[in-house]
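**Student:** This is model.tsv, which holds TSV, C-alpha atoms:
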chain	number	residue	atom	x	y	z
A	2	MET	CA	22.23	-4.06	50.92
A	3	SER	CA	20.61	-3.52	54.24
A	4	VAL	CA	16.84	-3.79	54.26
A	5	PRO	CA	16.70	0.04	54.52
A	6	LEU	CA	18.34	0.16	51.08
A	7	LEU	CA	15.67	-2.21	49.74
A	8	ASP	CA	13.01	0.15	51.09
A	9	GLU	CA	14.82	3.07	49.47
A	10	CYS	CA	14.90	1.29	46.10
A	11	LEU	CA	11.22	0.41	46.41
A	12	SER	CA	10.44	4.06	47.10
A	13	VAL	CA	12.00	4.99	43.74
A	14	LEU	CA	10.69	2.00	41.77
A	15	THR	CA	7.13	2.55	42.97
A	16	ARG	CA	7.00	6.15	41.79
A	17	THR	CA	8.66	5.83	38.37
A	18	PRO	CA	5.41	5.22	36.42
A	19	ALA	CA	3.89	8.39	37.90
A	20	VAL	CA	7.04	10.41	37.15
A	21	LEU	CA	6.98	9.32	33.50
A	22	ASP	CA	3.24	9.91	33.25
A	23	VAL	CA	3.46	13.46	34.55
A	24	LEU	CA	6.55	14.13	32.44
A	25	LEU	CA	5.14	12.83	29.13
A	26	ARG	CA	1.38	12.32	28.91
A	27	ASP	CA	-0.34	14.78	26.57
A	28	LEU	CA	2.90	16.50	25.59
A	29	PRO	CA	3.10	17.59	21.93
A	30	GLU	CA	4.25	14.65	19.81
A	31	VAL	CA	7.22	16.65	18.58
A	32	LEU	CA	8.67	16.18	22.08
A	33	THR	CA	7.65	12.60	22.78
A	34	THR	CA	9.03	11.40	19.44
A	35	ALA	CA	12.18	13.58	19.48
A	36	THR	CA	15.53	11.77	19.33
A	37	GLU	CA	19.20	12.72	19.64
A	38	GLY	CA	19.82	11.61	16.06
A	39	PRO	CA	19.64	8.42	13.96
A	40	GLY	CA	19.67	5.25	16.04
A	41	THR	CA	18.91	7.04	19.33
A	42	TRP	CA	15.78	6.61	21.43
A	43	SER	CA	12.79	8.92	21.68
A	44	PRO	CA	10.87	9.21	24.98
A	45	SER	CA	8.22	6.88	23.50
A	46	VAL	CA	10.84	4.27	22.63
A	47	VAL	CA	12.24	4.49	26.16
A	48	ILE	CA	8.82	3.61	27.61
A	49	GLY	CA	8.67	0.60	25.26
A	50	HIS	CA	12.10	-0.45	26.55
A	51	LEU	CA	10.99	-0.11	30.18
A	52	ILE	CA	7.94	-2.27	29.42
A	53	HIS	CA	10.09	-4.97	27.88
A	54	ALA	CA	12.50	-4.85	30.83
A	55	GLU	CA	9.59	-5.19	33.23
A	56	LYS	CA	8.35	-8.28	31.42
A	57	THR	CA	11.65	-10.06	30.83
A	58	ASP	CA	14.39	-8.59	33.03
A	59	TRP	CA	13.88	-7.45	36.62
A	60	MET	CA	11.45	-9.71	38.44
A	61	PRO	CA	12.02	-12.68	36.11
A	62	ARG	CA	15.72	-12.49	37.00
A	63	MET	CA	14.97	-12.06	40.71
A	64	THR	CA	12.80	-15.17	40.53
A	65	ILE	CA	15.61	-17.14	38.84
A	66	ILE	CA	18.03	-16.05	41.57
A	67	MET	CA	15.70	-17.06	44.37
A	68	GLU	CA	14.79	-20.40	42.76
A	69	HIS	CA	18.08	-21.44	41.17
A	70	GLY	CA	20.81	-19.16	42.52
A	71	ALA	CA	23.81	-18.98	40.18
A	72	ARG	CA	23.15	-22.45	38.73
A	73	ARG	CA	20.87	-21.06	36.04
A	74	ALA	CA	22.01	-18.05	34.01
A	75	PHE	CA	19.50	-15.29	33.26
A	76	ASP	CA	18.04	-15.17	29.77
A	77	PRO	CA	19.80	-12.45	27.69
A	78	PHE	CA	17.92	-9.15	27.50
A	79	ASP	CA	16.73	-7.89	24.10
A	80	HIS	CA	17.67	-4.20	23.91
A	81	GLU	CA	15.85	-3.64	20.64
A	82	ALA	CA	12.47	-5.24	21.45
A	83	GLN	CA	10.72	-1.87	21.88
A	84	PHE	CA	11.31	-0.97	18.24
A	85	ARG	CA	9.00	-3.79	17.22
A	86	GLN	CA	6.42	-3.08	19.92
A	87	ARG	CA	5.86	0.63	19.62
A	88	GLU	CA	4.55	0.66	16.09
A	89	VAL	CA	1.10	-0.41	17.20
A	90	ARG	CA	0.69	1.45	20.49
A	91	SER	CA	0.22	5.08	21.44
A	92	LEU	CA	2.29	6.71	24.18
A	93	PRO	CA	-0.70	6.86	26.58
A	94	ALA	CA	-1.22	3.13	26.08
A	95	LEU	CA	2.50	2.48	26.72
A	96	LEU	CA	2.41	4.59	29.90
A	97	ASP	CA	-0.66	2.68	31.11
A	98	GLU	CA	0.93	-0.67	30.41
A	99	PHE	CA	4.15	0.29	32.16
A	100	LYS	CA	2.19	1.47	35.19
A	101	ASP	CA	0.32	-1.83	35.45
A	102	LEU	CA	3.43	-3.96	34.96
A	103	ARG	CA	5.45	-1.98	37.50
A	104	HIS	CA	2.63	-2.14	40.02
A	105	GLU	CA	2.66	-5.92	39.69
A	106	SER	CA	6.48	-6.17	39.85
A	107	VAL	CA	6.74	-4.04	42.95
A	108	GLY	CA	3.95	-6.06	44.56
A	109	ARG	CA	5.86	-9.27	43.87
A	110	LEU	CA	9.12	-7.84	45.19
A	111	ARG	CA	7.44	-6.61	48.38
A	112	ALA	CA	5.72	-9.97	48.84
A	113	MET	CA	9.13	-11.71	48.73
A	114	ASP	CA	9.95	-9.76	51.89
A	115	LEU	CA	13.65	-10.38	51.27
A	116	THR	CA	16.05	-10.34	54.20
A	117	ALA	CA	19.51	-8.77	54.08
A	118	GLU	CA	20.88	-12.31	53.88
A	119	GLN	CA	18.65	-13.32	50.95
A	120	LEU	CA	19.74	-10.19	49.09
A	121	GLU	CA	23.28	-11.58	49.10
A	122	THR	CA	22.17	-14.59	47.03
A	123	ASN	CA	24.16	-14.99	43.83
A	124	GLY	CA	22.76	-15.07	40.34
A	125	MET	CA	24.51	-15.67	37.02
A	126	HIS	CA	24.39	-12.90	34.41
A	127	PRO	CA	24.95	-14.31	30.90
A	128	ALA	CA	27.63	-11.71	30.10
A	129	LEU	CA	28.70	-10.17	33.41
A	130	GLY	CA	29.00	-13.34	35.48
A	131	LEU	CA	28.25	-13.50	39.20
A	132	VAL	CA	25.90	-10.84	40.56
A	133	THR	CA	23.72	-10.63	43.68
A	134	ALA	CA	20.01	-10.04	44.23
A	135	ARG	CA	21.02	-6.84	46.02
A	136	GLN	CA	22.89	-5.61	42.94
A	137	LEU	CA	19.89	-6.49	40.78
A	138	VAL	CA	17.57	-4.29	42.87
A	139	ALA	CA	20.06	-1.40	42.90
A	140	THR	CA	20.55	-1.73	39.12
A	141	TRP	CA	16.79	-1.74	38.52
A	142	THR	CA	16.55	1.50	40.53
A	143	SER	CA	19.41	3.33	38.86
A	144	HIS	CA	18.19	2.07	35.46
A	145	ASP	CA	14.87	3.87	36.09
A	146	LEU	CA	16.68	7.07	37.03
A	147	GLY	CA	19.02	6.77	34.05
A	148	HIS	CA	16.05	6.62	31.68
A	149	ILE	CA	14.34	9.61	33.33
A	150	LEU	CA	17.65	11.39	32.75
A	151	GLN	CA	17.71	10.25	29.12
A	152	ILE	CA	14.15	11.43	28.44
A	153	SER	CA	14.88	14.84	29.99
A	154	ARG	CA	18.05	15.16	27.93
A	155	VAL	CA	16.35	14.26	24.65
A	156	MET	CA	13.60	16.80	25.27
A	157	ALA	CA	16.01	19.53	26.43
A	158	LYS	CA	18.10	19.13	23.28
A	159	ARG	CA	15.05	19.85	21.17
A	160	TYR	CA	15.56	23.50	22.20
A	161	LYS	CA	19.21	23.67	21.21
A	162	SER	CA	18.46	25.73	18.14
A	163	GLU	CA	15.94	27.87	20.04
A	164	VAL	CA	17.88	29.16	23.06
A	165	GLY	CA	20.26	31.46	21.15
A	166	PRO	CA	23.18	32.82	23.22
A	167	TRP	CA	21.96	30.92	26.31
A	168	VAL	CA	23.33	27.72	24.78
A	169	ALA	CA	26.60	28.71	26.45
A	170	TYR	CA	25.06	28.14	29.91
A	171	GLN	CA	23.28	24.86	29.19
A	172	THR	CA	25.61	21.92	29.67
A	173	VAL	CA	22.79	19.57	28.62
A	174	MET	CA	23.13	20.89	25.06
A	175	LYS	CA	26.75	19.83	24.71
B	137	MET	CA	9.30	30.83	17.75
B	138	SER	CA	5.93	30.18	16.27
B	139	VAL	CA	3.03	30.36	18.68
B	140	PRO	CA	2.84	26.52	18.57
B	141	LEU	CA	6.32	26.48	20.09
B	142	LEU	CA	5.12	28.79	22.88
B	143	ASP	CA	2.30	26.32	23.58
B	144	GLU	CA	4.80	23.49	23.58
B	145	CYS	CA	7.02	25.31	26.10
B	146	LEU	CA	4.01	26.08	28.28
B	147	SER	CA	3.08	22.40	28.24
B	148	VAL	CA	6.48	21.56	29.74
B	149	LEU	CA	6.69	24.52	32.12
B	150	THR	CA	3.24	23.85	33.54
B	151	ARG	CA	4.01	20.26	34.48
B	152	THR	CA	7.50	20.66	35.98
B	153	PRO	CA	6.31	21.20	39.59
B	154	ALA	CA	4.28	17.97	39.43
B	155	VAL	CA	7.22	16.06	37.92
B	156	LEU	CA	9.53	17.21	40.73
B	157	ASP	CA	6.88	16.50	43.34
B	158	VAL	CA	6.31	12.92	42.18
B	159	LEU	CA	10.04	12.38	41.76
B	160	LEU	CA	11.12	13.67	45.18
B	161	ARG	CA	8.40	14.07	47.82
B	162	ASP	CA	8.72	11.59	50.71
B	163	LEU	CA	11.84	9.98	49.30
B	164	PRO	CA	14.43	8.94	51.91
B	165	GLU	CA	16.59	11.93	52.82
B	166	VAL	CA	19.71	10.02	51.77
B	167	LEU	CA	18.51	10.51	48.18
B	168	THR	CA	17.16	14.05	48.36
B	169	THR	CA	20.36	15.34	49.99
B	170	ALA	CA	22.77	13.26	47.89
B	171	THR	CA	25.34	15.15	45.82
B	172	GLU	CA	27.95	14.34	43.19
B	173	GLY	CA	30.73	15.50	45.51
B	174	PRO	CA	31.87	18.71	47.24
B	175	GLY	CA	30.42	21.85	45.68
B	176	THR	CA	27.75	20.00	43.67
B	177	TRP	CA	24.00	20.30	44.13
B	178	SER	CA	21.65	17.89	45.86
B	179	PRO	CA	18.06	17.52	44.62
B	180	SER	CA	16.94	19.78	47.49
B	181	VAL	CA	19.42	22.48	46.48
B	182	VAL	CA	18.17	22.27	42.89
B	183	ILE	CA	14.61	23.02	44.04
B	184	GLY	CA	15.93	26.05	45.95
B	185	HIS	CA	17.66	27.19	42.75
B	186	LEU	CA	14.45	26.78	40.73
B	187	ILE	CA	12.57	28.84	43.31
B	188	HIS	CA	15.12	31.62	43.10
B	189	ALA	CA	15.02	31.54	39.29
B	190	GLU	CA	11.24	31.77	39.38
B	191	LYS	CA	11.40	34.85	41.61
B	192	THR	CA	14.20	36.73	39.90
B	193	ASP	CA	14.87	35.33	36.45
B	194	TRP	CA	12.18	34.13	34.03
B	195	MET	CA	9.09	36.30	34.28
B	196	PRO	CA	10.95	39.31	35.70
B	197	ARG	CA	13.17	39.21	32.60
B	198	MET	CA	10.19	38.71	30.28
B	199	THR	CA	8.58	41.77	31.88
B	200	ILE	CA	11.73	43.83	31.34
B	201	ILE	CA	11.82	42.79	27.69
B	202	MET	CA	8.19	43.70	27.11
B	203	GLU	CA	8.45	47.02	28.95
B	204	HIS	CA	11.94	48.18	28.01
B	205	GLY	CA	13.20	45.99	25.18
B	206	ALA	CA	17.00	45.90	24.99
B	207	ARG	CA	17.33	49.38	26.55
B	208	ARG	CA	17.39	47.96	30.07
B	209	ALA	CA	19.69	45.00	30.82
B	210	PHE	CA	18.39	42.18	33.00
B	211	ASP	CA	19.57	42.05	36.60
B	212	PRO	CA	22.34	39.43	36.99
B	213	PHE	CA	21.14	36.07	38.34
B	214	ASP	CA	22.52	34.81	41.68
B	215	HIS	CA	23.49	31.16	41.16
B	216	GLU	CA	24.25	30.58	44.82
B	217	ALA	CA	21.12	32.04	46.42
B	218	GLN	CA	19.63	28.64	47.23
B	219	PHE	CA	22.49	27.80	49.58
B	220	ARG	CA	21.32	30.55	51.87
B	221	GLN	CA	17.64	29.74	51.52
B	222	ARG	CA	17.51	26.02	52.05
B	223	GLU	CA	18.83	26.02	55.60
B	224	VAL	CA	15.45	26.95	56.99
B	225	ARG	CA	13.05	25.03	54.73
B	226	SER	CA	12.19	21.38	54.30
B	227	LEU	CA	12.01	19.76	50.86
B	228	PRO	CA	8.18	19.48	50.99
B	229	ALA	CA	8.00	23.22	51.75
B	230	LEU	CA	10.37	23.96	48.86
B	231	LEU	CA	8.29	21.82	46.47
B	232	ASP	CA	5.13	23.62	47.60
B	233	GLU	CA	6.69	27.03	47.13
B	234	PHE	CA	8.00	26.15	43.68
B	235	LYS	CA	4.58	24.87	42.65
B	236	ASP	CA	2.90	28.11	43.74
B	237	LEU	CA	5.50	30.33	42.09
B	238	ARG	CA	5.42	28.39	38.82
B	239	HIS	CA	1.63	28.45	38.76
B	240	GLU	CA	1.77	32.22	39.05
B	241	SER	CA	4.53	32.60	36.43
B	242	VAL	CA	2.76	30.44	33.88
B	243	GLY	CA	-0.46	32.35	34.49
B	244	ARG	CA	1.34	35.63	33.83
B	245	LEU	CA	2.97	34.28	30.67
B	246	ARG	CA	-0.34	32.97	29.35
B	247	ALA	CA	-2.03	36.26	30.17
B	248	MET	CA	0.53	38.11	28.04
B	249	ASP	CA	-0.85	36.15	25.08
B	250	LEU	CA	2.33	36.87	23.14
B	251	THR	CA	2.25	36.88	19.36
B	252	ALA	CA	4.98	35.41	17.17
B	253	GLU	CA	6.05	38.99	16.47
B	254	GLN	CA	6.24	39.96	20.14
B	255	LEU	CA	8.37	36.89	20.81
B	256	GLU	CA	11.00	38.39	18.51
B	257	THR	CA	11.42	41.39	20.84
B	258	ASN	CA	15.00	41.90	21.96
B	259	GLY	CA	16.23	42.00	25.52
B	260	MET	CA	19.70	42.65	26.90
B	261	HIS	CA	21.40	39.93	28.91
B	262	PRO	CA	24.08	41.39	31.22
B	263	ALA	CA	26.71	38.90	30.04
B	264	LEU	CA	25.41	37.34	26.80
B	265	GLY	CA	24.19	40.50	25.08
B	266	LEU	CA	21.18	40.59	22.77
B	267	VAL	CA	18.59	37.85	23.26
B	268	THR	CA	14.92	37.53	22.30
B	269	ALA	CA	11.76	36.81	24.29
B	270	ARG	CA	11.46	33.62	22.26
B	271	GLN	CA	14.91	32.49	23.34
B	272	LEU	CA	14.03	33.29	26.95
B	273	VAL	CA	10.98	31.00	26.87
B	274	ALA	CA	12.94	28.20	25.17
B	275	THR	CA	15.76	28.59	27.72
B	276	TRP	CA	13.32	28.50	30.63
B	277	THR	CA	11.92	25.22	29.24
B	278	SER	CA	15.24	23.49	28.60
B	279	HIS	CA	16.48	24.75	31.99
B	280	ASP	CA	13.63	22.85	33.68
B	281	LEU	CA	14.49	19.70	31.74
B	282	GLY	CA	18.19	20.10	32.47
B	283	HIS	CA	17.51	20.17	36.20
B	284	ILE	CA	15.21	17.12	36.04
B	285	LEU	CA	18.15	15.46	34.28
B	286	GLN	CA	20.54	16.63	37.01
B	287	ILE	CA	18.34	15.35	39.84
B	288	SER	CA	17.97	11.95	38.15
B	289	ARG	CA	21.72	11.75	37.64
B	290	VAL	CA	22.56	12.65	41.24
B	291	MET	CA	20.15	10.01	42.53
B	292	ALA	CA	21.30	7.34	40.06
B	293	LYS	CA	24.93	7.84	41.08
B	294	ARG	CA	24.03	7.06	44.67
B	295	TYR	CA	23.84	3.40	43.49
B	296	LYS	CA	27.25	3.36	41.84
B	297	SER	CA	28.76	1.31	44.66
B	298	GLU	CA	25.68	-0.94	44.83
B	299	VAL	CA	25.21	-2.19	41.27
B	300	GLY	CA	28.34	-4.38	41.12
B	301	PRO	CA	29.23	-5.66	37.63
B	302	TRP	CA	26.22	-3.84	36.11
B	303	VAL	CA	28.16	-0.58	36.42
B	304	ALA	CA	29.58	-1.49	32.99
B	305	TYR	CA	26.13	-1.01	31.41
B	306	GLN	CA	25.16	2.22	33.15
B	307	THR	CA	26.53	5.22	31.32
B	308	VAL	CA	25.01	7.49	33.97
B	309	MET	CA	27.63	6.22	36.43
B	310	LYS	CA	30.58	7.36	34.33
Go ahead and render the structure in this file as structure tokens.

**Tutor:**
Amino acid sequence: MSVPLLDECLSVLTRTPAVLDVLLRDLPEVLTTATEGPGTWSPSVVIGHLIHAEKTDWMPRMTIIMEHGARRAFDPFDHEAQFRQREVRSLPALLDEFKDLRHESVGRLRAMDLTAEQLETNGMHPALGLVTARQLVATWTSHDLGHILQISRVMAKRYKSEVGPWVAYQTVMK
Amino acid sequence: MSVPLLDECLSVLTRTPAVLDVLLRDLPEVLTTATEGPGTWSPSVVIGHLIHAEKTDWMPRMTIIMEHGARRAFDPFDHEAQFRQREVRSLPALLDEFKDLRHESVGRLRAMDLTAEQLETNGMHPALGLVTARQLVATWTSHDLGHILQISRVMAKRYKSEVGPWVAYQTVMK
């Protein structure tokens, strides 16, 4: 990753809380709690997942890489944590918490002022093996975009039974 | 569609310009012009498509339904119009134009103050045949969400060659 790519990732990472806020805040609950079926995630659950990732995945792993390199493996990530968290918090509260956590994470990443060389530092993923700091930043960025995609898909599918013949033109419904 | 569903659709339709603005404005051009390969649409092209749909598809078709019912078929929609338009306009200009057009469309739809009964009015799609005003509003809404999904996917895929081993966890890359 050249430093321009780090700037590009930061440009995405910085705006994600605002994208999710505009996309979800004050929407009817029927949309924010919609799922794609049993065991799948609603938009609210996705925000809980992003909060947990912010606390335990991205910058904590970056810190491990910069302090220990590949000598210390990352802690495994709990993909189900948000199911325990969300029961006590409203979507607006989740959006606020995510915004604050992301603001802090991005501030820490910017303060590291990583060089192209530092971004090549290896880390040790507990399941995937050797990774680099550069790959971690790119993964964080595409992970954000993947969850914006997921939220849009879940909400679009809510209209599957409402669009009538137009279902034929909407690949998102398939 | 009950009137609550119309309100729900309006809640989505009203916020789409802000979602796209926060998601795209001032991003590096490498992201806003990225595609999924030859013949596929970049985020900028998608905004051009949404502008064209706003001008010629959604409210024009709703007006035809309310004035003529199924006696007058909709005009066919040009799915390639944005390729001619975008050559002369920047992404910020496209985002501004979409925001203005959507504001006007939503104002017109709200002003119609459609009842549940009126939403059952038939229209004639030139290819799909009989549709209802209700299905048109639902399709408009899921069409917005489908293009937010598309833009997120196109941008996420830009990182496919950057995420290294994490590609295994990112279904969006497949």

**Student:** So, counting only C-alpha atoms, which residue among A:Ala139, A:Glu55, A:Gly130, A:Val173 is closest to B:Ala292?

**Tutor:**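 So, comparing all the options, the nearest one is A:Ala139.
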
**Student:** For chain A, list the residues within 8 Å of chain B, counting only C-alpha atoms, and write the list as a VMD selection string.

**Tutor:** chain A and resid 2 9 12 to 13 16 to 17 19 to 20 23 to 24 28 to 29 129 to 130 132 135 to 137 139 to 140 142 to 144 146 to 147 149 to 151 153 to 154 156 to 158 160 163 to 167 171 173

**Student:** Between atom CA of A:Pro39 and atom CA of A:Lys175, what is the distance in Å, rounded to a tenth?

**Tutor:**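 A separation of 17.2 Å between them.
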
**Student:** Between atom CA of B:Thr168 and atom CA of A:Val4, measure the distance and give it in Å to one decimal.

**Tutor:**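 Interatomic distance, atom CA of B:Thr168 to atom CA of A:Val4: 18.8 Å.
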
**Student:** Which is closer to A:Ala94 than all the others in A:Arg72, A:Ile48, A:Leu7, A:Gly38, using all atoms listed in the file?

**Tutor:**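 Nearest to A:Ala94: A:Ile48.
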